[in-house]
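*Asks:* Below: one structure in structure tokens.
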Amino acid sequence: MQKINRNVVLALLSLTSLVFLLFQLCYYKFYLSQKNGAAFSKVRGSQSGQDSTRWHVVKKFLGLISSHNIPVYLIDPLILGLVAKDIEQIRSSPDGPSPECKYFCAPRDFTTFALLDKTWKHEVGLFRTAEKMGFQWLKIINKDPRLDGMDDLSGMEIPLHYIFKLASHAIHLVVFYERSGNFLWHGPLRLKQHMDRKFVPFRKLHFGRYPGAYEKPELLLVSIDDLKVQIPKNPSSFLEEMSHSRFLECRYREARAFFQLYPDDASLDAVEFRKKAKSLLHLAALTLNNLGVKFWLSSGTCLGWYRQCNVIPHSKDVDLGIFIRDYKADIIPAFQKAGLPLKHKFGKVEDSLELSFQGEDDVKLDIFFFYEEDDHIWNGGTQAKSGKKFKYLFPKFTLCWTEFVELKVHVPCETLQYVEANYGPEWKVPVKTWDWKSSPSNVQDNGVWPVDEWDDVIQIY
């Protein structure tokens, strides 16, 4: 009898321990997990641990912004890279392409979303709700460059980035603003002195190292890992755009200092020329963009943007640069169709190509084609009456976006080196008498065109 009682006691103790263990598991699952963002049971494909935490944090964030009617869209490059490979299956399947948590469970420290500023203004209520859901948050503000101009350097600050952190995962919300050039812009992520630099691994964030410029995306609502989310309709195109999105602001502070030394030309002729140059630049950009040809502000037009945030009124032309690798035979007929007749064509595709188109009145558009060597880049020039060739050398450069005369347009990212190569260390001093054959600091003789080639390489209309 004593032996039976001992077994019963042992069985009761084991049962009690098992019940207690199950209680602990349930407590962790339904209480602590809700607090710390680890609701593993709801993740497709029975993911566990850190993978599920990422999914759950994203789910809670989407619930947060949905409760405040905030339309965000996914711009995380790691996730979009995975989505791009399965985009057709994702588009065609309302429930997503896979039973497993493939995208939002991918290893990373944060997930990145975008927000259009004009679609949302009520942030106080959002933060209160976020805190109730267990999120910590951080708002990064900085100057609004859209309010800067020659007459005023605004100190008004706007929200540029939000960080929401829950458990070991963070959501980076990038705020996009519309610019007058009909494109979207996001600002840099610069922490104020008092901010916690260990809040998240800021150096790993994909957006905010520098400002960026983007076209307005067409969005697509899809289901990814059982979560409804908006993404760019063409993820691959967005990722390509992202890799070349760096944006440079016009230097209004330096331009104002320049005009204090050299007052701007406000004559009727100057005003009229700038108006025509702006119109010509917009038409040229439209034409080249329709052809898919990448170009940038070059020569005097680039100097005007960098030095005085405007067209130089005594330049009398608009200058653009194009890499010769991007040349297309359609360029000339496209400009002619746009109402800009060819004024001259110098050189050839293999060497020193240069095109000039006649704009309104005496304003012309000059397009210089650039050739890449191992350690430098150059464009050519030709003297029509003698057949002499010239070469203009530049240090290698990359391209950034800027906003110029209400247009999103490329400039060399290394603008100072580019301008100094062409105009020397005294580029800040305006020069009204300019000889294209001898004045540039980077010009050198490049021989003479053979006479039997003149009909092909020296064409004037």
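In the structure tokens, each chain is lettered A, B, ... as it comes, each chain's residues begin at 1, and ligands are numbered from 1 in order of appearance.
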With only C-alpha atoms as the counted atoms, please give the residues lying no more than 6 Å from Leu340 in chain A, apart from itself and same-chain residues fewer than 4 positions off, as JSON, numbers by chain.

*Replies:* {"A": [335, 336, 357, 358, 359]}

*Asks:* Name the residues of range 72-207 of chain A that come out as helix (DSSP H, G or I) in a backbone DSSP run; write them as a ChimeraX atom specification.

*Replies:* /A:77-85,87-92,117-119,123-132,145-147,202-204

*Asks:* Selected residues, N, CA, C and O atoms, written as a compact mmCIF listing (two decimals), in the first residue's frame, please.

*Replies:*
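Saved result, selection19.txt, follows:
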# COMPACT_ATOMS: atom_id res chain seq x y z
N PRO A 77 15.45 47.62 -49.62
CA PRO A 77 16.13 47.02 -50.79
C PRO A 77 16.36 45.52 -50.66
O PRO A 77 16.32 44.82 -51.67
N LEU A 78 16.59 45.03 -49.44
CA LEU A 78 16.82 43.59 -49.29
C LEU A 78 15.55 42.80 -49.60
O LEU A 78 15.58 41.80 -50.32
N ILE A 79 14.42 43.29 -49.08
CA ILE A 79 13.15 42.59 -49.32
C ILE A 79 12.72 42.75 -50.77
O ILE A 79 12.28 41.80 -51.42
N LEU A 80 12.84 43.98 -51.31
CA LEU A 80 12.44 44.20 -52.70
C LEU A 80 13.29 43.38 -53.66
O LEU A 80 12.82 42.96 -54.72
N GLY A 81 14.56 43.17 -53.29
CA GLY A 81 15.41 42.32 -54.13
C GLY A 81 14.88 40.90 -54.20
O GLY A 81 14.91 40.26 -55.26
N LEU A 82 14.39 40.39 -53.07
CA LEU A 82 13.78 39.05 -53.06
C LEU A 82 12.45 39.04 -53.79
O LEU A 82 12.13 38.11 -54.54
N VAL A 83 11.66 40.10 -53.57
CA VAL A 83 10.35 40.20 -54.21
C VAL A 83 10.49 40.26 -55.73
O VAL A 83 9.69 39.67 -56.47
N ALA A 84 11.50 41.00 -56.20
CA ALA A 84 11.68 41.18 -57.65
C ALA A 84 11.84 39.83 -58.36
O ALA A 84 11.40 39.68 -59.51
N LYS A 85 12.45 38.86 -57.70
CA LYS A 85 12.65 37.55 -58.32
C LYS A 85 11.34 36.78 -58.46
O LYS A 85 11.20 35.92 -59.32
N ILE A 87 8.20 38.41 -58.61
CA ILE A 87 7.16 39.42 -58.77
C ILE A 87 5.96 38.92 -59.55
O ILE A 87 4.81 39.24 -59.20
N GLU A 88 6.17 38.14 -60.58
CA GLU A 88 5.02 37.64 -61.36
C GLU A 88 4.13 36.74 -60.52
O GLU A 88 2.91 36.82 -60.59
N GLN A 89 4.75 35.87 -59.73
CA GLN A 89 3.98 34.97 -58.87
C GLN A 89 3.26 35.76 -57.78
O GLN A 89 2.11 35.47 -57.43
N ILE A 90 3.92 36.77 -57.24
CA ILE A 90 3.31 37.59 -56.20
C ILE A 90 2.11 38.36 -56.76
O ILE A 90 1.07 38.48 -56.12
N ARG A 91 2.26 38.90 -57.97
CA ARG A 91 1.16 39.65 -58.59
C ARG A 91 -0.05 38.76 -58.85
O ARG A 91 -1.20 39.19 -58.72
N SER A 92 0.20 37.53 -59.22
CA SER A 92 -0.90 36.64 -59.62
C SER A 92 -1.53 35.89 -58.46
O SER A 92 -2.61 35.32 -58.61
N ASP A 117 4.76 62.87 -47.56
CA ASP A 117 4.44 63.87 -46.53
C ASP A 117 3.01 64.39 -46.66
O ASP A 117 2.31 64.54 -45.66
N LYS A 118 2.57 64.65 -47.87
CA LYS A 118 1.25 65.28 -48.05
C LYS A 118 0.10 64.37 -47.67
O LYS A 118 -1.04 64.82 -47.58
N THR A 119 0.37 63.08 -47.45
CA THR A 119 -0.72 62.14 -47.14
C THR A 119 -0.97 62.02 -45.64
O THR A 119 -1.87 61.29 -45.23
N GLU A 123 0.75 63.38 -36.34
CA GLU A 123 1.75 62.48 -35.78
C GLU A 123 1.59 62.24 -34.28
O GLU A 123 2.00 61.21 -33.77
N VAL A 124 1.03 63.17 -33.52
CA VAL A 124 0.94 63.02 -32.06
C VAL A 124 0.18 61.76 -31.68
O VAL A 124 0.64 60.95 -30.86
N GLY A 125 -0.98 61.56 -32.27
CA GLY A 125 -1.78 60.38 -31.97
C GLY A 125 -1.06 59.10 -32.35
O GLY A 125 -1.18 58.08 -31.67
N LEU A 126 -0.30 59.13 -33.44
CA LEU A 126 0.43 57.95 -33.88
C LEU A 126 1.45 57.54 -32.83
O LEU A 126 1.57 56.36 -32.49
N PHE A 127 2.19 58.49 -32.30
CA PHE A 127 3.23 58.17 -31.33
C PHE A 127 2.64 57.62 -30.03
O PHE A 127 3.19 56.71 -29.41
N ARG A 128 1.51 58.16 -29.61
CA ARG A 128 0.86 57.66 -28.40
C ARG A 128 0.43 56.21 -28.58
O ARG A 128 0.63 55.37 -27.70
N THR A 129 -0.16 55.93 -29.74
CA THR A 129 -0.57 54.55 -30.02
C THR A 129 0.63 53.63 -30.12
O THR A 129 0.60 52.50 -29.62
N ALA A 130 1.70 54.13 -30.75
CA ALA A 130 2.93 53.33 -30.89
C ALA A 130 3.48 52.94 -29.52
O ALA A 130 3.90 51.79 -29.29
N GLU A 131 3.49 53.89 -28.59
CA GLU A 131 4.00 53.60 -27.26
C GLU A 131 3.14 52.58 -26.54
O GLU A 131 3.65 51.70 -25.83
N LYS A 132 1.83 52.66 -26.70
CA LYS A 132 0.94 51.69 -26.08
C LYS A 132 1.17 50.28 -26.64
O LYS A 132 0.96 49.28 -25.95
N PRO A 145 14.83 72.37 -47.46
CA PRO A 145 15.57 73.09 -48.52
C PRO A 145 14.65 73.70 -49.57
O PRO A 145 15.08 74.57 -50.32
N ARG A 146 13.40 73.27 -49.62
CA ARG A 146 12.48 73.80 -50.62
C ARG A 146 12.15 75.26 -50.36
O ARG A 146 11.66 75.97 -51.26
N LEU A 147 12.39 75.73 -49.14
CA LEU A 147 12.07 77.11 -48.79
C LEU A 147 13.27 78.04 -48.96
O LEU A 147 13.14 79.25 -48.79
N PHE A 202 22.55 52.94 -36.98
CA PHE A 202 22.27 53.94 -38.01
C PHE A 202 23.13 53.77 -39.26
O PHE A 202 22.67 54.04 -40.37
N ARG A 203 24.36 53.35 -39.09
CA ARG A 203 25.25 53.23 -40.25
C ARG A 203 24.79 52.17 -41.23
O ARG A 203 25.22 52.15 -42.38
N LYS A 204 23.93 51.27 -40.78
CA LYS A 204 23.44 50.21 -41.67
C LYS A 204 22.20 50.63 -42.45
O LYS A 204 21.77 49.91 -43.35

*Asks:* Determine which residues of range 259-453 of chain A DSSP labels as strand (DSSP E) from the backbone of this structure, then write them out as JSON, numbers by chain.

*Replies:* {"A": [296, 297, 317, 318, 319, 320, 321, 322, 323, 342, 343, 344, 345, 346, 347, 348, 351, 352, 353, 354, 355, 356, 357, 358, 364, 365, 366, 367, 368, 369, 370, 371, 372, 377, 378, 379, 380, 381, 382, 388, 389, 390, 391, 392, 393, 394, 399, 400, 401, 402, 403, 408, 409, 410, 411, 412, 443, 444, 445, 446, 447, 448]}

*Asks:* Which of these residues is nearest to Lys228 in chain A, using only C-alpha atoms: A:His169, A:Lys59, A:Arg54, A:Lys385?

*Replies:*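 Smallest distance to Lys228 in chain A is found for A:Lys59.
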
*Asks:* Nearest to Leu291 in chain A: which of A:Ile75, A:Leu205, A:Leu116, A:Ala334 is it, counting only C-alpha atoms?

*Replies:* A:Ala334

*Asks:* With distances taken over only C-alpha atoms, which residue among A:Ser243, A:Asn379, A:Ser439, A:Gln193 lies nearest Glu350 in chain A?

*Replies:* A:Asn379

*Asks:* With a distance cut-off of 12 Å and only C-alpha atoms, select the neighbouring residues of range 323-326 of chain A, excluding the residue or stretch itself and same-chain residues fewer than 5 positions from it, and output the selection as a ChimeraX atom specification.

*Replies:* /A:288-289,291-296,298,331,348-354,367-373,377-380,396-399

*Asks:* May I have the selected residues written with N, CA and C atoms, as a CSV table (one decimal), in the first residue's frame?

*Replies:*
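In the end it all went to again-v4.csv:
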chain,number,residue,atom,x,y,z
A,288,LEU,N,15.7,64.1,-74.3
A,288,LEU,CA,16.7,63.0,-74.0
A,288,LEU,C,16.1,62.0,-73.0
A,289,ASN,N,15.3,62.4,-72.1
A,289,ASN,CA,14.6,61.4,-71.2
A,289,ASN,C,13.7,60.5,-72.0
A,291,LEU,N,14.2,59.4,-74.8
A,291,LEU,CA,15.1,58.5,-75.5
A,291,LEU,C,15.9,57.6,-74.6
A,292,GLY,N,15.8,57.9,-73.3
A,292,GLY,CA,16.5,57.1,-72.3
A,292,GLY,C,18.0,57.4,-72.3
A,293,VAL,N,18.4,58.6,-72.7
A,293,VAL,CA,19.8,59.0,-72.7
A,293,VAL,C,20.1,59.9,-71.5
A,294,LYS,N,21.1,59.4,-70.7
A,294,LYS,CA,21.5,60.1,-69.5
A,294,LYS,C,22.4,61.3,-69.8
A,295,PHE,N,22.1,62.4,-69.2
A,295,PHE,CA,22.9,63.6,-69.5
A,295,PHE,C,23.1,64.4,-68.2
A,296,TRP,N,23.9,65.4,-68.3
A,296,TRP,CA,24.2,66.3,-67.1
A,296,TRP,C,24.5,67.7,-67.6
A,298,SER,N,26.7,70.8,-68.1
A,298,SER,CA,28.2,70.8,-68.3
A,298,SER,C,28.6,72.3,-68.6
A,331,ILE,N,19.2,60.7,-81.6
A,331,ILE,CA,19.3,62.0,-80.9
A,331,ILE,C,19.0,63.2,-81.8
A,348,LYS,N,33.0,62.8,-84.8
A,348,LYS,CA,32.3,61.6,-85.1
A,348,LYS,C,32.2,60.7,-83.8
A,349,VAL,N,31.4,59.7,-83.9
A,349,VAL,CA,31.1,58.9,-82.6
A,349,VAL,C,32.4,58.4,-82.0
A,350,GLU,N,33.4,58.0,-82.9
A,350,GLU,CA,34.6,57.5,-82.4
A,350,GLU,C,35.6,58.5,-81.8
A,351,ASP,N,35.3,59.8,-82.1
A,351,ASP,CA,36.3,60.8,-81.7
A,351,ASP,C,35.7,62.2,-81.7
A,352,SER,N,35.6,62.8,-80.6
A,352,SER,CA,35.3,64.3,-80.4
A,352,SER,C,34.0,64.7,-80.9
A,353,LEU,N,32.9,63.9,-80.8
A,353,LEU,CA,31.6,64.3,-81.3
A,353,LEU,C,31.0,65.4,-80.5
A,354,GLU,N,30.4,66.3,-81.2
A,354,GLU,CA,29.8,67.5,-80.6
A,354,GLU,C,28.6,67.9,-81.4
A,367,ILE,N,25.7,70.1,-77.1
A,367,ILE,CA,25.8,68.8,-76.4
A,367,ILE,C,27.2,68.3,-76.7
A,368,PHE,N,28.0,68.1,-75.6
A,368,PHE,CA,29.3,67.5,-75.7
A,368,PHE,C,29.3,66.1,-75.2
A,369,PHE,N,30.0,65.3,-76.0
A,369,PHE,CA,30.1,63.8,-75.7
A,369,PHE,C,31.4,63.5,-75.1
A,370,PHE,N,31.4,62.8,-74.0
A,370,PHE,CA,32.6,62.5,-73.2
A,370,PHE,C,33.1,61.1,-73.4
A,371,TYR,N,34.4,61.0,-73.4
A,371,TYR,CA,35.1,59.7,-73.7
A,371,TYR,C,35.9,59.4,-72.4
A,372,GLU,N,35.8,58.1,-72.0
A,372,GLU,CA,36.5,57.7,-70.8
A,372,GLU,C,37.8,57.0,-71.1
A,373,GLU,N,38.9,57.4,-70.4
A,373,GLU,CA,40.2,56.7,-70.5
A,373,GLU,C,40.4,56.1,-69.1
A,377,ILE,N,38.6,61.6,-68.1
A,377,ILE,CA,37.5,61.7,-69.0
A,377,ILE,C,37.7,62.9,-69.9
A,378,TRP,N,37.4,62.9,-71.1
A,378,TRP,CA,37.6,64.1,-72.0
A,378,TRP,C,36.5,64.3,-73.0
A,379,ASN,N,36.3,65.5,-73.4
A,379,ASN,CA,35.4,65.8,-74.6
A,379,ASN,C,36.2,66.6,-75.6
A,380,GLY,N,35.8,66.6,-76.8
A,380,GLY,CA,36.6,67.2,-77.9
A,380,GLY,C,35.9,68.5,-78.4
A,396,LYS,N,37.9,61.9,-63.4
A,396,LYS,CA,36.7,61.0,-63.4
A,396,LYS,C,35.7,61.5,-62.4
A,397,PHE,N,34.4,61.3,-62.7
A,397,PHE,CA,33.4,61.8,-61.9
A,397,PHE,C,32.2,60.9,-62.0
A,398,THR,N,31.3,61.0,-61.0
A,398,THR,CA,30.0,60.3,-61.0
A,398,THR,C,28.9,61.3,-61.1
A,399,LEU,N,27.7,60.8,-61.3
A,399,LEU,CA,26.5,61.8,-61.5
A,399,LEU,C,25.6,61.8,-60.3

*Asks:* Please, what distance in Å, to one decimal, runs between CA of Asn234 in chain A and CA of Tyr103 in chain A?

*Replies:*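 CA of Tyr103 in chain A lies at a distance of 16.7 Å from CA of Asn234 in chain A.
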
*Asks:* For Phe346 in chain A, which of A:Lys316, A:Lys389, A:Arg253, A:Lys198 is the closest residue, counting only C-alpha atoms?

*Replies:*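 Closest to Phe346 in chain A of all the choices is A:Lys389.
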
*Asks:* Between CA of Ser356 in chain A and CA of Ser267 in chain A, measure the distance and give it in Å to one decimal.

*Replies:*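 It comes out at 26.7 Å.
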
*Asks:* Using only C-alpha atoms, determine which residues lie at most 9 Å from Cys413 in chain A, disregarding the query and same-chain residues fewer than 3 positions distant; provide the list as a PyMOL selection string.

*Replies:* chain A and resi 246-248+397-401+410+416+418
